[in-house]
Every structure is written in C-alpha cells, then in structure tokens.
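Structure file my_file.csv; described as CSV, N, CA and C atoms.
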```csv
chain,number,residue,atom,x,y,z
A,983,MET,N,3.7,-1.2,-10.4
A,983,MET,CA,4.1,-1.0,-9.1
A,983,MET,C,3.2,-1.9,-8.1
A,984,ALA,N,2.0,-2.2,-8.5
A,984,ALA,CA,1.1,-3.0,-7.7
A,984,ALA,C,1.8,-4.3,-7.4
A,985,ASP,N,2.3,-5.0,-8.4
A,985,ASP,CA,3.0,-6.3,-8.2
A,985,ASP,C,4.1,-6.2,-7.2
A,986,TYR,N,4.9,-5.1,-7.4
A,986,TYR,CA,6.0,-4.9,-6.4
A,986,TYR,C,5.5,-4.8,-5.0
A,987,LEU,N,4.4,-4.0,-4.8
A,987,LEU,CA,3.9,-3.8,-3.5
A,987,LEU,C,3.3,-5.1,-2.9
A,988,VAL,N,2.6,-5.9,-3.7
A,988,VAL,CA,2.0,-7.1,-3.2
A,988,VAL,C,3.1,-8.1,-2.9
A,989,GLN,N,4.1,-8.2,-3.7
A,989,GLN,CA,5.3,-9.1,-3.4
A,989,GLN,C,6.0,-8.7,-2.2
A,990,THR,N,6.2,-7.4,-2.0
A,990,THR,CA,7.0,-6.9,-0.9
A,990,THR,C,6.2,-7.1,0.4
A,991,ILE,N,4.9,-6.9,0.4
A,991,ILE,CA,4.1,-7.1,1.6
A,991,ILE,C,4.1,-8.6,2.0
A,992,LYS,N,3.9,-9.5,1.0
A,992,LYS,CA,4.0,-10.9,1.2
A,992,LYS,C,5.3,-11.3,1.8
A,993,ARG,N,6.4,-10.8,1.2
A,993,ARG,CA,7.7,-11.2,1.7
A,993,ARG,C,8.0,-10.7,3.1
A,994,LEU,N,7.6,-9.5,3.4
A,994,LEU,CA,7.8,-8.9,4.8
A,994,LEU,C,6.9,-9.7,5.8
A,995,ALA,N,5.7,-10.1,5.4
A,995,ALA,CA,4.8,-10.8,6.3
A,995,ALA,C,5.4,-12.2,6.6
A,996,GLU,N,5.9,-12.9,5.6
A,996,GLU,CA,6.6,-14.2,5.8
A,996,GLU,C,7.8,-14.1,6.7
A,997,GLU,N,8.6,-13.1,6.5
A,997,GLU,CA,9.8,-12.9,7.3
A,997,GLU,C,9.4,-12.6,8.7
A,998,ALA,N,8.4,-11.8,8.9
A,998,ALA,CA,8.0,-11.4,10.3
A,998,ALA,C,7.3,-12.6,11.0
A,999,ALA,N,6.6,-13.4,10.2
A,999,ALA,CA,5.8,-14.5,10.8
A,999,ALA,C,6.7,-15.7,11.2
A,1000,ALA,N,8.0,-15.7,10.7
A,1000,ALA,CA,8.9,-16.7,11.1
A,1000,ALA,C,9.2,-16.7,12.6
A,1001,GLU,N,9.0,-15.6,13.2
A,1001,GLU,CA,9.2,-15.5,14.6
A,1001,GLU,C,8.0,-15.8,15.5
A,1002,VAL,N,6.9,-16.1,14.9
A,1002,VAL,CA,5.6,-16.4,15.5
A,1002,VAL,C,5.4,-17.9,15.6
A,1003,SER,N,4.7,-18.4,16.7
A,1003,SER,CA,4.4,-19.8,16.8
A,1003,SER,C,3.5,-20.2,15.6
A,1004,SER,N,3.7,-21.5,15.2
A,1004,SER,CA,3.0,-22.0,14.0
A,1004,SER,C,1.5,-21.9,14.1
A,1005,ASP,N,0.9,-22.0,15.3
A,1005,ASP,CA,-0.6,-22.0,15.4
A,1005,ASP,C,-1.1,-20.6,15.2
A,1006,GLU,N,-0.3,-19.5,15.3
A,1006,GLU,CA,-0.7,-18.2,15.1
A,1006,GLU,C,-0.2,-17.6,13.8
A,1007,ARG,N,0.6,-18.3,13.1
A,1007,ARG,CA,1.3,-17.7,11.9
A,1007,ARG,C,0.4,-17.2,10.8
A,1008,ARG,N,-0.7,-18.0,10.5
A,1008,ARG,CA,-1.6,-17.6,9.4
A,1008,ARG,C,-2.3,-16.3,9.8
A,1009,ARG,N,-2.8,-16.2,11.0
A,1009,ARG,CA,-3.5,-14.9,11.4
A,1009,ARG,C,-2.5,-13.8,11.5
A,1010,PHE,N,-1.3,-14.1,11.9
A,1010,PHE,CA,-0.3,-13.0,12.0
A,1010,PHE,C,0.0,-12.5,10.6
A,1011,ARG,N,0.3,-13.4,9.7
A,1011,ARG,CA,0.6,-13.0,8.3
A,1011,ARG,C,-0.5,-12.1,7.7
A,1012,HIS,N,-1.7,-12.6,7.9
A,1012,HIS,CA,-2.9,-11.8,7.4
A,1012,HIS,C,-3.0,-10.4,8.0
A,1013,SER,N,-2.9,-10.4,9.3
A,1013,SER,CA,-2.9,-9.1,10.0
A,1013,SER,C,-1.8,-8.2,9.7
A,1014,PHE,N,-0.6,-8.8,9.5
A,1014,PHE,CA,0.6,-8.0,9.1
A,1014,PHE,C,0.3,-7.4,7.8
A,1015,ALA,N,-0.1,-8.2,6.8
A,1015,ALA,CA,-0.4,-7.7,5.5
A,1015,ALA,C,-1.4,-6.6,5.5
A,1016,GLU,N,-2.5,-6.7,6.3
A,1016,GLU,CA,-3.5,-5.7,6.3
A,1016,GLU,C,-2.9,-4.4,7.0
A,1017,GLY,N,-2.1,-4.5,8.0
A,1017,GLY,CA,-1.5,-3.3,8.6
A,1017,GLY,C,-0.6,-2.6,7.7
A,1018,CYS,N,0.2,-3.4,7.0
A,1018,CYS,CA,1.2,-2.9,6.0
A,1018,CYS,C,0.5,-2.2,4.9
A,1019,ALA,N,-0.6,-2.8,4.4
A,1019,ALA,CA,-1.3,-2.2,3.3
A,1019,ALA,C,-2.0,-0.9,3.7
A,1020,SER,N,-2.5,-0.9,5.0
A,1020,SER,CA,-3.2,0.3,5.5
A,1020,SER,C,-2.2,1.5,5.5
A,1021,ARG,N,-1.0,1.2,6.0
A,1021,ARG,CA,0.0,2.3,6.1
A,1021,ARG,C,0.4,2.8,4.7
A,1022,ILE,N,0.6,1.8,3.8
A,1022,ILE,CA,1.0,2.2,2.4
A,1022,ILE,C,-0.1,3.0,1.8
A,1023,TYR,N,-1.4,2.6,2.0
A,1023,TYR,CA,-2.5,3.4,1.5
A,1023,TYR,C,-2.4,4.9,2.1
A,1024,GLU,N,-2.2,5.0,3.3
A,1024,GLU,CA,-2.1,6.3,4.0
A,1024,GLU,C,-1.0,7.2,3.3
A,1025,ARG,N,0.2,6.5,3.1
A,1025,ARG,CA,1.3,7.2,2.5
A,1025,ARG,C,1.0,7.6,1.1
A,1026,LEU,N,0.4,6.7,0.3
A,1026,LEU,CA,0.1,7.1,-1.1
A,1026,LEU,C,-1.0,8.2,-1.1
A,1027,GLU,N,-1.9,8.2,-0.2
A,1027,GLU,CA,-2.9,9.3,-0.2
A,1027,GLU,C,-2.2,10.6,0.2
A,1028,GLU,N,-1.2,10.6,1.1
A,1028,GLU,CA,-0.5,11.8,1.4
A,1028,GLU,C,0.3,12.3,0.2
A,1029,MET,N,0.9,11.4,-0.6
A,1029,MET,CA,1.6,11.7,-1.8
A,1029,MET,C,0.7,12.3,-2.8
A,1030,ARG,N,-0.5,11.7,-3.0
A,1030,ARG,CA,-1.5,12.2,-3.9
A,1030,ARG,C,-1.9,13.6,-3.6
A,1031,LEU,N,-2.2,13.8,-2.3
A,1031,LEU,CA,-2.7,15.2,-1.9
A,1031,LEU,C,-1.6,16.2,-2.1
A,1032,GLU,N,-0.3,15.8,-1.8
A,1032,GLU,CA,0.8,16.8,-2.0
A,1032,GLU,C,1.0,17.1,-3.5
A,1033,ALA,N,0.9,16.0,-4.4
A,1033,ALA,CA,1.0,16.2,-5.8
A,1033,ALA,C,-0.2,17.1,-6.3
A,1034,GLN,N,-1.4,16.8,-5.8
A,1034,GLN,CA,-2.5,17.6,-6.3
A,1034,GLN,C,-2.4,19.1,-5.9
A,1035,ALA,N,-1.8,19.3,-4.7
A,1035,ALA,CA,-1.6,20.7,-4.3
A,1035,ALA,C,-0.4,21.4,-4.9
A,1036,GLY,N,0.4,20.6,-5.7
A,1036,GLY,CA,1.6,21.1,-6.3
A,1036,GLY,C,2.8,21.2,-5.4
A,1037,ARG,N,2.7,20.6,-4.2
A,1037,ARG,CA,3.8,20.7,-3.2
A,1037,ARG,C,4.9,19.6,-3.4
A,1038,MET,N,4.5,18.5,-4.1
A,1038,MET,CA,5.5,17.4,-4.3
A,1038,MET,C,6.3,17.7,-5.5
A,1039,LYS,N,7.6,17.8,-5.3
A,1039,LYS,CA,8.5,18.0,-6.4
A,1039,LYS,C,9.4,16.8,-6.6
A,1040,SER,N,10.0,16.6,-7.7
A,1040,SER,CA,10.9,15.5,-8.0
A,1040,SER,C,12.2,16.0,-8.6
A,1041,ASP,N,13.3,15.4,-8.3
A,1041,ASP,CA,14.5,15.7,-8.9
A,1041,ASP,C,14.6,15.1,-10.3
A,1042,ASP,N,13.8,14.1,-10.6
A,1042,ASP,CA,13.7,13.4,-11.9
A,1042,ASP,C,12.9,14.2,-12.9
A,1043,PRO,N,13.5,14.7,-14.0
A,1043,PRO,CA,12.7,15.5,-15.0
A,1043,PRO,C,11.7,14.6,-15.7
A,1044,ASN,N,11.8,13.3,-15.6
A,1044,ASN,CA,10.8,12.4,-16.2
A,1044,ASN,C,9.7,12.0,-15.2
A,1045,SER,N,9.6,12.7,-14.1
A,1045,SER,CA,8.7,12.3,-13.0
A,1045,SER,C,7.3,12.3,-13.5
A,1046,LEU,N,6.6,11.4,-13.0
A,1046,LEU,CA,5.1,11.2,-13.3
A,1046,LEU,C,4.2,11.9,-12.2
A,1047,LEU,N,4.8,12.6,-11.3
A,1047,LEU,CA,4.1,13.2,-10.2
A,1047,LEU,C,2.9,14.1,-10.7
A,1048,PRO,N,3.1,15.0,-11.6
A,1048,PRO,CA,2.0,15.9,-12.1
A,1048,PRO,C,0.8,15.1,-12.6
A,1049,ALA,N,1.2,14.0,-13.3
A,1049,ALA,CA,0.1,13.2,-13.9
A,1049,ALA,C,-0.6,12.4,-12.9
A,1050,LEU,N,0.0,12.1,-11.7
A,1050,LEU,CA,-0.6,11.3,-10.7
A,1050,LEU,C,-1.9,12.0,-10.2
A,1051,ALA,N,-1.9,13.3,-10.0
A,1051,ALA,CA,-3.1,13.9,-9.5
A,1051,ALA,C,-4.2,13.9,-10.6
A,1052,ASP,N,-3.8,14.2,-11.8
A,1052,ASP,CA,-4.8,14.2,-12.9
A,1052,ASP,C,-5.4,12.8,-13.2
A,1053,LEU,N,-4.5,11.8,-13.1
A,1053,LEU,CA,-5.0,10.4,-13.3
A,1053,LEU,C,-6.0,10.0,-12.2
A,1054,TYR,N,-5.6,10.4,-11.0
A,1054,TYR,CA,-6.5,10.0,-9.9
A,1054,TYR,C,-7.8,10.7,-10.0
A,1055,GLN,N,-7.9,12.0,-10.3
A,1055,GLN,CA,-9.1,12.7,-10.5
A,1055,GLN,C,-10.0,12.1,-11.6
A,1056,SER,N,-9.4,11.8,-12.7
A,1056,SER,CA,-10.1,11.4,-13.9
A,1056,SER,C,-10.7,10.0,-13.7
A,1057,SER,N,-10.1,9.1,-12.9
A,1057,SER,CA,-10.6,7.8,-12.8
A,1057,SER,C,-11.4,7.5,-11.5
A,1058,ARG,N,-11.3,8.4,-10.5
A,1058,ARG,CA,-11.9,8.2,-9.2
A,1058,ARG,C,-13.4,8.1,-9.4
A,1059,ALA,N,-14.1,8.9,-10.1
A,1059,ALA,CA,-15.5,8.9,-10.3
A,1059,ALA,C,-16.0,7.6,-10.9
A,1060,ARG,N,-15.3,7.1,-12.0
A,1060,ARG,CA,-15.6,5.9,-12.6
A,1060,ARG,C,-15.5,4.7,-11.7
A,1061,VAL,N,-14.4,4.7,-10.9
A,1061,VAL,CA,-14.2,3.6,-10.0
A,1061,VAL,C,-15.3,3.6,-8.9
A,1062,ASP,N,-15.6,4.8,-8.4
A,1062,ASP,CA,-16.6,4.9,-7.3
A,1062,ASP,C,-18.0,4.4,-7.9
A,1063,ASP,N,-18.3,4.8,-9.1
A,1063,ASP,CA,-19.6,4.4,-9.7
A,1063,ASP,C,-19.6,2.8,-9.9
A,1064,PHE,N,-18.5,2.3,-10.3
A,1064,PHE,CA,-18.4,0.8,-10.5
A,1064,PHE,C,-18.6,0.1,-9.2
A,1065,ILE,N,-17.9,0.5,-8.2
A,1065,ILE,CA,-18.0,-0.1,-6.9
A,1065,ILE,C,-19.4,0.0,-6.3
A,1066,THR,N,-20.0,1.2,-6.4
A,1066,THR,CA,-21.4,1.4,-5.9
A,1066,THR,C,-22.4,0.5,-6.7
A,1067,ALA,N,-22.2,0.4,-8.0
A,1067,ALA,CA,-23.1,-0.4,-8.8
A,1067,ALA,C,-23.0,-1.9,-8.5
A,1068,HIS,N,-21.8,-2.4,-8.3
A,1068,HIS,CA,-21.6,-3.8,-8.1
A,1068,HIS,C,-21.6,-4.3,-6.6
A,1069,PHE,N,-21.2,-3.4,-5.7
A,1069,PHE,CA,-21.1,-3.9,-4.3
A,1069,PHE,C,-21.8,-3.0,-3.3
A,1070,GLY,N,-22.4,-1.9,-3.7
A,1070,GLY,CA,-23.1,-1.0,-2.8
A,1070,GLY,C,-22.1,-0.1,-2.2
A,1071,LYS,N,-22.5,0.5,-1.1
A,1071,LYS,CA,-21.6,1.5,-0.4
A,1071,LYS,C,-20.6,0.7,0.4
A,1072,LEU,N,-19.3,1.0,0.2
A,1072,LEU,CA,-18.3,0.4,1.0
A,1072,LEU,C,-17.8,1.4,2.1
A,1073,HIS,N,-17.3,0.8,3.2
A,1073,HIS,CA,-16.8,1.7,4.2
A,1073,HIS,C,-15.3,1.3,4.4
A,1074,HIS,N,-14.5,2.4,4.5
A,1074,HIS,CA,-13.1,2.2,4.7
A,1074,HIS,C,-12.9,2.0,6.2
A,1075,ARG,N,-12.2,0.9,6.6
A,1075,ARG,CA,-11.9,0.6,8.0
A,1075,ARG,C,-10.8,1.5,8.4
A,1076,THR,N,-10.9,2.1,9.6
A,1076,THR,CA,-9.8,3.0,10.1
A,1076,THR,C,-9.0,2.2,11.1
A,1077,HIS,N,-9.5,1.1,11.6
A,1077,HIS,CA,-8.7,0.3,12.5
A,1077,HIS,C,-9.0,-1.2,12.3
A,1078,TYR,N,-8.2,-2.0,12.8
A,1078,TYR,CA,-8.4,-3.5,12.6
A,1078,TYR,C,-9.3,-4.0,13.6
A,1079,ALA,N,-10.3,-4.7,13.2
A,1079,ALA,CA,-11.3,-5.2,14.1
A,1079,ALA,C,-11.2,-6.8,14.2
A,1080,GLY,N,-11.5,-7.3,15.4
A,1080,GLY,CA,-11.5,-8.7,15.8
A,1080,GLY,C,-11.1,-9.8,14.8
A,1081,GLY,N,-10.7,-10.9,15.3
A,1081,GLY,CA,-10.3,-12.0,14.6
A,1081,GLY,C,-8.9,-12.1,14.1
A,1082,GLY,N,-8.2,-11.0,14.2
A,1082,GLY,CA,-6.9,-10.9,13.6
A,1082,GLY,C,-5.8,-11.1,14.7
A,1083,HIS,N,-4.6,-10.7,14.4
A,1083,HIS,CA,-3.5,-10.8,15.4
A,1083,HIS,C,-3.0,-9.4,15.5
A,1084,ASN,N,-3.3,-8.8,16.7
A,1084,ASN,CA,-3.0,-7.3,16.9
A,1084,ASN,C,-1.5,-7.1,16.7
A,1085,GLY,N,-0.7,-7.9,17.2
A,1085,GLY,CA,0.8,-7.7,17.0
A,1085,GLY,C,1.2,-7.8,15.6
A,1086,GLY,N,0.5,-8.6,14.8
A,1086,GLY,CA,0.8,-8.7,13.4
A,1086,GLY,C,0.4,-7.4,12.7
A,1087,TYR,N,-0.8,-6.9,13.0
A,1087,TYR,CA,-1.2,-5.6,12.4
A,1087,TYR,C,-0.3,-4.5,12.7
A,1088,VAL,N,0.1,-4.3,14.0
A,1088,VAL,CA,1.0,-3.2,14.4
A,1088,VAL,C,2.3,-3.4,13.7
A,1089,SER,N,2.9,-4.6,13.7
A,1089,SER,CA,4.2,-4.8,13.0
A,1089,SER,C,4.1,-4.5,11.5
A,1090,GLY,N,3.0,-4.9,10.9
A,1090,GLY,CA,2.8,-4.6,9.5
A,1090,GLY,C,2.7,-3.1,9.2
A,1091,TYR,N,1.9,-2.5,10.1
A,1091,TYR,CA,1.7,-1.0,9.9
A,1091,TYR,C,3.0,-0.3,10.0
A,1092,ASN,N,3.9,-0.7,11.0
A,1092,ASN,CA,5.2,-0.1,11.1
A,1092,ASN,C,6.1,-0.4,9.9
A,1093,ALA,N,6.0,-1.6,9.4
A,1093,ALA,CA,6.8,-2.0,8.2
A,1093,ALA,C,6.4,-1.2,7.0
A,1094,GLY,N,5.1,-0.8,6.9
A,1094,GLY,CA,4.6,0.0,5.8
A,1094,GLY,C,5.3,1.3,5.6
A,1095,ASP,N,5.9,1.8,6.7
A,1095,ASP,CA,6.7,3.1,6.6
A,1095,ASP,C,8.0,2.9,5.8
A,1096,LYS,N,8.5,1.7,5.7
A,1096,LYS,CA,9.8,1.4,5.1
A,1096,LYS,C,9.7,0.9,3.7
A,1097,VAL,N,8.5,0.7,3.2
A,1097,VAL,CA,8.3,0.2,1.8
A,1097,VAL,C,8.5,1.4,0.8
A,1098,GLY,N,9.4,1.2,-0.2
A,1098,GLY,CA,9.6,2.2,-1.2
A,1098,GLY,C,8.4,2.4,-2.1
A,1099,LEU,N,8.1,3.7,-2.3
A,1099,LEU,CA,6.9,4.0,-3.0
A,1099,LEU,C,7.2,4.9,-4.3
A,1100,HIS,N,8.4,5.0,-4.6
A,1100,HIS,CA,8.8,5.9,-5.7
A,1100,HIS,C,8.9,5.0,-7.0
A,1101,ARG,N,9.1,5.6,-8.1
A,1101,ARG,CA,9.1,4.9,-9.4
A,1101,ARG,C,10.0,3.7,-9.3
A,1102,GLN,N,9.4,2.6,-9.8
A,1102,GLN,CA,10.1,1.3,-9.8
A,1102,GLN,C,11.0,1.1,-11.0
A,1103,VAL,N,12.1,0.4,-10.8
A,1103,VAL,CA,13.0,0.1,-11.9
A,1103,VAL,C,13.1,-1.4,-12.0
A,1104,ILE,N,13.4,-1.9,-13.2
A,1104,ILE,CA,13.6,-3.3,-13.4
A,1104,ILE,C,15.0,-3.7,-13.0
A,1105,GLY,N,15.1,-4.7,-12.1
A,1105,GLY,CA,16.4,-5.2,-11.7
A,1105,GLY,C,17.0,-6.1,-12.7
A,1106,LYS,N,18.1,-6.7,-12.3
A,1106,LYS,CA,18.9,-7.6,-13.2
A,1106,LYS,C,18.1,-8.8,-13.6
A,1107,ARG,N,17.3,-9.3,-12.7
A,1107,ARG,CA,16.5,-10.5,-13.0
A,1107,ARG,C,15.1,-10.2,-13.4
A,1108,GLY,N,14.8,-9.0,-13.8
A,1108,GLY,CA,13.5,-8.6,-14.3
A,1108,GLY,C,12.5,-8.3,-13.1
A,1109,ALA,N,12.9,-8.4,-11.9
A,1109,ALA,CA,12.1,-8.1,-10.8
A,1109,ALA,C,12.1,-6.6,-10.5
A,1110,GLN,N,10.9,-6.1,-10.1
A,1110,GLN,CA,10.9,-4.6,-9.8
A,1110,GLN,C,11.5,-4.4,-8.5
A,1111,GLU,N,12.3,-3.3,-8.4
A,1111,GLU,CA,12.9,-2.9,-7.2
A,1111,GLU,C,12.7,-1.4,-7.0
A,1112,PRO,N,12.6,-0.9,-5.7
A,1112,PRO,CA,12.4,0.5,-5.5
A,1112,PRO,C,13.5,1.3,-6.0
A,1113,HIS,N,13.2,2.5,-6.6
A,1113,HIS,CA,14.2,3.4,-7.0
A,1113,HIS,C,14.5,4.3,-5.8
A,1114,PRO,N,15.8,4.5,-5.6
A,1114,PRO,CA,16.2,5.3,-4.4
A,1114,PRO,C,15.8,6.7,-4.4
```
Represent the supplied structure as structure tokens.
Amino acid sequence: MADYLVQTIKRLAEEAAAEVSSDERRRFRHSFAEGCASRIYERLEEMRLEAQAGRMKSDDPNSLLPALADLYQSSRARVDDFITAHFGKLHHRTHYAGGGHNGGYVSGYNAGDKVGLHRQVIGKRGAQEPHP
C-alpha cells in the first residue's frame, strides 16, 4: 500500500503543479505532497483508533482490520525505540512552516481526503489500485 500512496501523491502533485508557474512549481509540488501526506496520516490514524476500539467494521470477511490494531501496537514500541536511538526525539509537525508554498500545502491537504485507503487490488497492468 505504501507504494500506491507514494505514487498517488506524486501523480496528484504533478497534476496540480501543472497549473502553477514554472518558478514556483518545485515548491508547490513539495508542499502539496507534504499536505497530502499529512491528511492521509490523519485519516490512517483515525482508522487505526476506530479499529482498536472495535468500531470499524468491514463488509469483507477477509478484512485485515482487526489485525491492524494488533500490528500497530506490537511494532510501535520497537519503531519508537529505533527512532530514539538513531535520531533522538522527533517532533510531529502540526502545521506547515516557512519555505513552502502555502497554496500547495492546502491543495494537497484537501486532495488527501480523496485518496483511497482501503485494501489495494492489483490492476490489469500490475499496478495497485484502490479497492472501492
């Protein structure tokens, strides 16, 4: 799913940047991608909390939702320990700070609401596509 998300964010950023002047395009794409990723992170966190609380149900009997909460809990401590050991304490940014393109961030954040986050299926050409 990570590859799908990265490819989708890049594609959306490129499409949106086509409307921006060439001298602002790189900053716009970067800010768009950061805004989109921030919103996707928020949505995934909401899904995780719902799954952990048992409120998220799926029509698919093969759903991986129950395992999502268990997997998250089991790996979270190891990931946190690794990050602390190698990088020190990291801070999650709650807003975009200077040097970026504010319009790009806002556009990307809004686009993050439209990115499919459910189980991915392999398309005809082997590319991952969102499952409806």
One decimal place gives the atom CA of A:Asp1095-atom CA of A:Val988 separation as 14.9 Å
Separating atom C of A:Met1029 from atom CA of A:Ala998, to the nearest tenth of an Å, is a gap of 28.0 Å
Exercise for the section: Considering all atoms listed in the file, return as a PyMOL selection string whatever protein or nucleic-acid residues lie within 8 Å of stretch 1000-1006 of chain A, sequence-local ones (same chain, fewer than 6 positions apart) excluded. Expected result: chain A and resi 994+1012+1083
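Using all atoms listed in the file, the residues found no farther than 5 Å from stretch 1086-1093 of chain A, other than those of its own chain fewer than 5 positions away, are Phe1010, Ser1013, Phe1014, Gly1017 and Cys1018 of chain A.
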Print the selection's residues with N, CA and C atoms to a file, as a PDB file, in the frame of the given file.
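Contents of the output file again.pdb:
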```
ATOM      1  N   PHE A1010      -1.300 -14.100  11.900  1.00  0.00           N
ATOM      2  CA  PHE A1010      -0.300 -13.000  12.000  1.00  0.00           C
ATOM      3  C   PHE A1010       0.000 -12.500  10.600  1.00  0.00           C
ATOM      4  N   SER A1013      -2.900 -10.400   9.300  1.00  0.00           N
ATOM      5  CA  SER A1013      -2.900  -9.100  10.000  1.00  0.00           C
ATOM      6  C   SER A1013      -1.800  -8.200   9.700  1.00  0.00           C
ATOM      7  N   PHE A1014      -0.600  -8.800   9.500  1.00  0.00           N
ATOM      8  CA  PHE A1014       0.600  -8.000   9.100  1.00  0.00           C
ATOM      9  C   PHE A1014       0.300  -7.400   7.800  1.00  0.00           C
ATOM     10  N   GLY A1017      -2.100  -4.500   8.000  1.00  0.00           N
ATOM     11  CA  GLY A1017      -1.500  -3.300   8.600  1.00  0.00           C
ATOM     12  C   GLY A1017      -0.600  -2.600   7.700  1.00  0.00           C
ATOM     13  N   CYS A1018       0.200  -3.400   7.000  1.00  0.00           N
ATOM     14  CA  CYS A1018       1.200  -2.900   6.000  1.00  0.00           C
ATOM     15  C   CYS A1018       0.500  -2.200   4.900  1.00  0.00           C
TER      16      CYS A1018
END
```
From atom C of A:Gly1094 to atom CA of A:Arg1021 the spacing works out at 5.4 Å
Tell me which protein, DNA and RNA residues are within 7 Å of A:Ile991, counting only C-alpha atoms, leaving out same-chain ones fewer than 4 positions away, and put them as a PDB file with N, CA and C atoms, in the coordinates of the input.
```pdb
ATOM      1  N   LEU A 987       4.400  -4.000  -4.800  1.00  0.00           N
ATOM      2  CA  LEU A 987       3.900  -3.800  -3.500  1.00  0.00           C
ATOM      3  C   LEU A 987       3.300  -5.100  -2.900  1.00  0.00           C
ATOM      4  N   ALA A 995       5.700 -10.100   5.400  1.00  0.00           N
ATOM      5  CA  ALA A 995       4.800 -10.800   6.300  1.00  0.00           C
ATOM      6  C   ALA A 995       5.400 -12.200   6.600  1.00  0.00           C
ATOM      7  N   ALA A1015      -0.100  -8.200   6.800  1.00  0.00           N
ATOM      8  CA  ALA A1015      -0.400  -7.700   5.500  1.00  0.00           C
ATOM      9  C   ALA A1015      -1.400  -6.600   5.500  1.00  0.00           C
ATOM     10  N   CYS A1018       0.200  -3.400   7.000  1.00  0.00           N
ATOM     11  CA  CYS A1018       1.200  -2.900   6.000  1.00  0.00           C
ATOM     12  C   CYS A1018       0.500  -2.200   4.900  1.00  0.00           C
TER      13      CYS A1018
END
```
